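First up is the structure itself, then whatever we jot down about it.
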Amino acid sequence: MKRLVFTIALMVVFCAEGAFAAPEKGTMKDSRDGKTYKTVKIGKQTWMGSNLNYKIEDSFCYKGDETNCVKYGRLYTWKAAQKACPAGWHLPSKEDFEALVDAGGGEVVAGKKLKVSSGWDENGNGVDSFGFSALPAGTRVYDGDYIEEGENAYFWSSTEHSSHVALRMLLSYEFDLADLSNFDKEDGFSVRCLKD
C-alpha cells in the first residue's frame, strides 16, 4: 500500500512538472507566401514543427530540386537566415537552442527525441517525442556542393561567433546527441523559427 501511495505521489509530481504532458500542437500561416507550418510547444517555447520553406536570396533547395524544398524546406546561408522568419517569429539564439536541448533531456539524448522516426540513414532514426520532427535535410556547402542528405540536419542560430562562423545545432544519424557548435556562415543550413 505504501508503495502504491508513493508511486501515485511521484506521478503527481511528474505531471505537475510537465513530464507526461503532451506537447501543444497547432499551425501557423506565413502571410508572405501562404505556406502553412505545423507548430509545437516544447517547454515554454513554441517552435515551427517543420523547416522553413520561404524563398529569399541565398536560400536553396537541396541539389536544386524543388521537390526537396517541399520535403525538407530550404537551406539558408547564415546571412539569409537572419531575415528569413516571418513577423512574430525569430531565428533562435544559442540560449533558445540550449532551452530546447534541456527540454529534451540534455545534450546527450535530445537528438533522438527531436528526430523523426524514419528516413535517417543506417537506422539512425529518432522517436520524435515532441513533434519537432527533424529531417535529415543535409547541407549546401559554400562551394555549391550538396552533401549529407539522410545523414545530418543542421539548424542556424542567430548567435554569431566571429565574422566567419556562427552557432548551429547538428542532429545526426550517427548519435543521439544534439550538438551545438560553430560553423562557416556561407554553408546552407535549415531554419526553424521560434515564436516571439
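FYI, nothing fancy with the C-alpha cells labels: chains A, B, ... in order, residues from 1 per chain, ligands from 1 as they appear.
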
Quick one: residues within 12 Å of Gly106 in chain A, only C-alpha atoms counted, chain neighbours fewer than 5 positions away excluded, as a list in words?
->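 My reading of the contact set: Phe97, Glu98, Ala99, Leu100, Val101, Gly111, Lys112, Lys113, Leu114, Asp176, Leu177, Ala178, Asp179 and Leu180 of chain A.
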
If we count only C-alpha atoms, what is near Gly150 in chain A at a cut-off of 9 Å, once residues fewer than 6 positions away on the same chain are taken out, given as a list in words?
-> Gly119, Trp120, Asp121, Leu135, Pro136, Ala137, Gly138, Ser172 and Tyr173 of chain A

Just to be explicit: take each residue in the selection above, keep N, CA and C atoms, and write the result as a CSV table (one decimal), in the first residue's frame.
chain,number,residue,atom,x,y,z
A,119,GLY,N,13.6,7.6,-42.0
A,119,GLY,CA,14.3,8.4,-43.0
A,119,GLY,C,15.7,8.7,-42.8
A,120,TRP,N,16.2,8.4,-41.6
A,120,TRP,CA,17.6,8.7,-41.3
A,120,TRP,C,18.4,7.4,-41.7
A,121,ASP,N,19.6,7.6,-42.2
A,121,ASP,CA,20.5,6.5,-42.7
A,121,ASP,C,20.8,5.6,-41.6
A,135,LEU,N,14.2,16.4,-39.8
A,135,LEU,CA,14.5,15.6,-41.0
A,135,LEU,C,16.0,15.7,-41.4
A,136,PRO,N,16.6,14.7,-42.0
A,136,PRO,CA,18.0,14.7,-42.4
A,136,PRO,C,18.2,15.5,-43.7
A,137,ALA,N,18.0,16.8,-43.7
A,137,ALA,CA,18.0,17.6,-44.9
A,137,ALA,C,19.3,17.8,-45.5
A,138,GLY,N,20.4,17.5,-44.8
A,138,GLY,CA,21.8,17.7,-45.3
A,138,GLY,C,22.1,19.2,-45.4
A,172,SER,N,22.4,14.1,-36.0
A,172,SER,CA,23.0,13.2,-36.9
A,172,SER,C,22.4,11.7,-36.7
A,173,TYR,N,22.5,11.0,-37.8
A,173,TYR,CA,22.2,9.6,-37.8
A,173,TYR,C,23.1,8.8,-36.9

Distance CA of Val141 in chain A-CA of Asp58 in chain A, one decimal place?
->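 A separation of 12.1 Å between them.
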
Within chain A, find each residue whose DSSP state, derived from the backbone, is alpha helix (DSSP H), and express the selection as JSON, numbers by chain.
-> {"A": [2, 3, 4, 5, 6, 7, 8, 9, 10, 11, 12, 13, 14, 15, 16, 66, 67, 68, 69, 70, 71, 72, 78, 79, 80, 81, 94, 95, 96, 97, 98, 99, 100, 101, 102, 103, 107, 108, 109, 110, 111, 112, 113, 114]}

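Residues surrounding Val165 in chain A within 8 Å are Glu160, Asn182, Phe183, Asp184 and Lys185 of chain A [only C-alpha atoms; sequence separation below 5 positions excluded].
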
Residues just named, written with N, CA and C atoms as a PDB file, in the first residue's frame:
ATOM      1  N   GLU A 160      26.229  34.802 -33.366  1.00  0.00           N
ATOM      2  CA  GLU A 160      27.446  34.937 -34.166  1.00  0.00           C
ATOM      3  C   GLU A 160      28.662  34.723 -33.278  1.00  0.00           C
ATOM      4  N   ASN A 182      30.045  25.899 -33.646  1.00  0.00           N
ATOM      5  CA  ASN A 182      30.135  26.941 -34.662  1.00  0.00           C
ATOM      6  C   ASN A 182      30.502  26.376 -36.026  1.00  0.00           C
ATOM      7  N   PHE A 183      30.000  27.042 -37.076  1.00  0.00           N
ATOM      8  CA  PHE A 183      30.259  26.576 -38.433  1.00  0.00           C
ATOM      9  C   PHE A 183      30.287  27.768 -39.385  1.00  0.00           C
ATOM     10  N   ASP A 184      30.819  27.531 -40.596  1.00  0.00           N
ATOM     11  CA  ASP A 184      31.000  28.555 -41.614  1.00  0.00           C
ATOM     12  C   ASP A 184      29.659  29.178 -42.024  1.00  0.00           C
ATOM     13  N   LYS A 185      29.574  30.488 -41.989  1.00  0.00           N
ATOM     14  CA  LYS A 185      28.338  31.199 -42.302  1.00  0.00           C
ATOM     15  C   LYS A 185      27.874  31.028 -43.749  1.00  0.00           C
TER      16      LYS A 185
END

DSSP strand (DSSP E) selection over range 32-191 of chain A, as a PyMOL selection string | chain A and resi 36-42+45-48+59-60+75-76+89-90+139-140+146-147+152-160+165-172+179-184

Convert the current residue selection to file output with N, CA and C atoms, as a compact mmCIF listing (two decimals), in the first residue's frame.
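As a result, again-v6.txt now contains:
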# COMPACT_ATOMS: atom_id res chain seq x y z
N THR A 36 1.65 27.01 -44.89
CA THR A 36 1.24 26.68 -43.52
C THR A 36 2.26 25.73 -42.91
N TYR A 37 2.61 25.99 -41.66
CA TYR A 37 3.59 25.18 -40.93
C TYR A 37 2.97 24.63 -39.65
N LYS A 38 3.35 23.42 -39.31
CA LYS A 38 2.99 22.88 -38.01
C LYS A 38 3.75 23.65 -36.95
N THR A 39 3.16 23.76 -35.76
CA THR A 39 3.85 24.35 -34.62
C THR A 39 3.75 23.40 -33.43
N VAL A 40 4.70 23.53 -32.52
CA VAL A 40 4.69 22.67 -31.34
C VAL A 40 5.28 23.44 -30.16
N LYS A 41 4.63 23.34 -29.02
CA LYS A 41 5.15 23.97 -27.80
C LYS A 41 5.97 22.95 -27.04
N ILE A 42 7.24 23.26 -26.84
CA ILE A 42 8.16 22.39 -26.11
C ILE A 42 8.67 23.19 -24.92
N GLN A 45 8.63 27.18 -24.96
CA GLN A 45 8.88 27.70 -26.29
C GLN A 45 7.90 27.13 -27.32
N THR A 46 7.52 27.95 -28.29
CA THR A 46 6.72 27.48 -29.42
C THR A 46 7.57 27.53 -30.68
N TRP A 47 7.81 26.35 -31.25
CA TRP A 47 8.66 26.18 -32.43
C TRP A 47 7.83 25.85 -33.65
N MET A 48 8.36 26.17 -34.83
CA MET A 48 7.82 25.58 -36.04
C MET A 48 8.12 24.09 -35.99
N SER A 59 19.05 31.34 -50.48
CA SER A 59 18.39 30.14 -49.95
C SER A 59 18.25 29.16 -51.11
N PHE A 60 18.28 27.86 -50.80
CA PHE A 60 18.43 26.85 -51.84
C PHE A 60 17.60 25.61 -51.53
N LEU A 75 17.50 25.56 -47.63
CA LEU A 75 18.78 25.68 -46.95
C LEU A 75 19.25 27.12 -47.12
N TYR A 76 19.61 27.77 -46.00
CA TYR A 76 19.92 29.19 -45.98
C TYR A 76 21.36 29.43 -45.54
N TRP A 89 7.92 35.82 -35.38
CA TRP A 89 8.82 34.68 -35.19
C TRP A 89 10.25 35.15 -35.40
N HIS A 90 11.20 34.39 -34.86
CA HIS A 90 12.60 34.81 -35.00
C HIS A 90 13.51 33.60 -35.09
N THR A 139 23.10 19.52 -46.21
CA THR A 139 23.61 20.89 -46.26
C THR A 139 24.09 21.25 -47.66
N ARG A 140 24.10 22.52 -47.93
CA ARG A 140 24.77 23.05 -49.12
C ARG A 140 26.05 23.71 -48.65
N TYR A 146 26.16 19.81 -52.59
CA TYR A 146 25.14 19.37 -51.63
C TYR A 146 25.55 18.01 -51.07
N ILE A 147 25.56 17.89 -49.75
CA ILE A 147 26.02 16.66 -49.10
C ILE A 147 25.15 16.32 -47.89
N ASN A 152 22.44 14.01 -41.82
CA ASN A 152 22.52 15.08 -40.83
C ASN A 152 21.48 16.17 -41.07
N ALA A 153 21.12 16.84 -39.98
CA ALA A 153 20.29 18.04 -40.02
C ALA A 153 21.04 19.15 -39.30
N TYR A 154 21.11 20.30 -39.93
CA TYR A 154 21.77 21.47 -39.33
C TYR A 154 20.76 22.60 -39.25
N PHE A 155 20.77 23.33 -38.14
CA PHE A 155 19.85 24.43 -37.94
C PHE A 155 20.63 25.67 -37.49
N TRP A 156 20.48 26.77 -38.24
CA TRP A 156 21.17 28.01 -37.87
C TRP A 156 20.59 28.62 -36.61
N SER A 157 21.47 29.23 -35.83
CA SER A 157 21.06 30.09 -34.73
C SER A 157 21.38 31.54 -35.11
N SER A 158 20.90 32.47 -34.33
CA SER A 158 21.20 33.88 -34.57
C SER A 158 22.53 34.29 -33.93
N THR A 159 23.14 33.38 -33.17
CA THR A 159 24.33 33.72 -32.38
C THR A 159 25.59 33.65 -33.23
N GLU A 160 26.23 34.80 -33.37
CA GLU A 160 27.45 34.94 -34.17
C GLU A 160 28.66 34.72 -33.28
N VAL A 165 32.08 32.60 -38.69
CA VAL A 165 31.34 31.44 -38.19
C VAL A 165 30.23 31.86 -37.23
N ALA A 166 29.21 31.01 -37.15
CA ALA A 166 28.08 31.23 -36.23
C ALA A 166 27.64 29.89 -35.67
N LEU A 167 26.87 29.94 -34.61
CA LEU A 167 26.43 28.71 -33.93
C LEU A 167 25.32 28.02 -34.71
N ARG A 168 25.40 26.71 -34.76
CA ARG A 168 24.33 25.89 -35.34
C ARG A 168 24.12 24.66 -34.48
N MET A 169 22.91 24.06 -34.60
CA MET A 169 22.64 22.79 -33.93
C MET A 169 22.71 21.69 -34.97
N LEU A 170 23.39 20.61 -34.64
CA LEU A 170 23.52 19.44 -35.50
C LEU A 170 22.82 18.25 -34.87
N LEU A 171 22.00 17.57 -35.66
CA LEU A 171 21.44 16.26 -35.32
C LEU A 171 21.95 15.29 -36.38
N SER A 172 22.35 14.08 -35.96
CA SER A 172 22.98 13.15 -36.90
C SER A 172 22.44 11.74 -36.74
N ASP A 179 24.18 18.53 -30.96
CA ASP A 179 25.48 19.21 -30.86
C ASP A 179 25.33 20.68 -31.22
N LEU A 180 25.75 21.55 -30.31
CA LEU A 180 25.77 22.98 -30.56
C LEU A 180 27.22 23.41 -30.73
N SER A 181 27.55 23.87 -31.93
CA SER A 181 28.92 24.32 -32.20
C SER A 181 28.90 25.29 -33.38
N ASN A 182 30.04 25.90 -33.65
CA ASN A 182 30.13 26.94 -34.66
C ASN A 182 30.50 26.38 -36.03
N PHE A 183 30.00 27.04 -37.08
CA PHE A 183 30.26 26.58 -38.43
C PHE A 183 30.29 27.77 -39.39
N ASP A 184 30.82 27.53 -40.60
CA ASP A 184 31.00 28.55 -41.61
C ASP A 184 29.66 29.18 -42.02
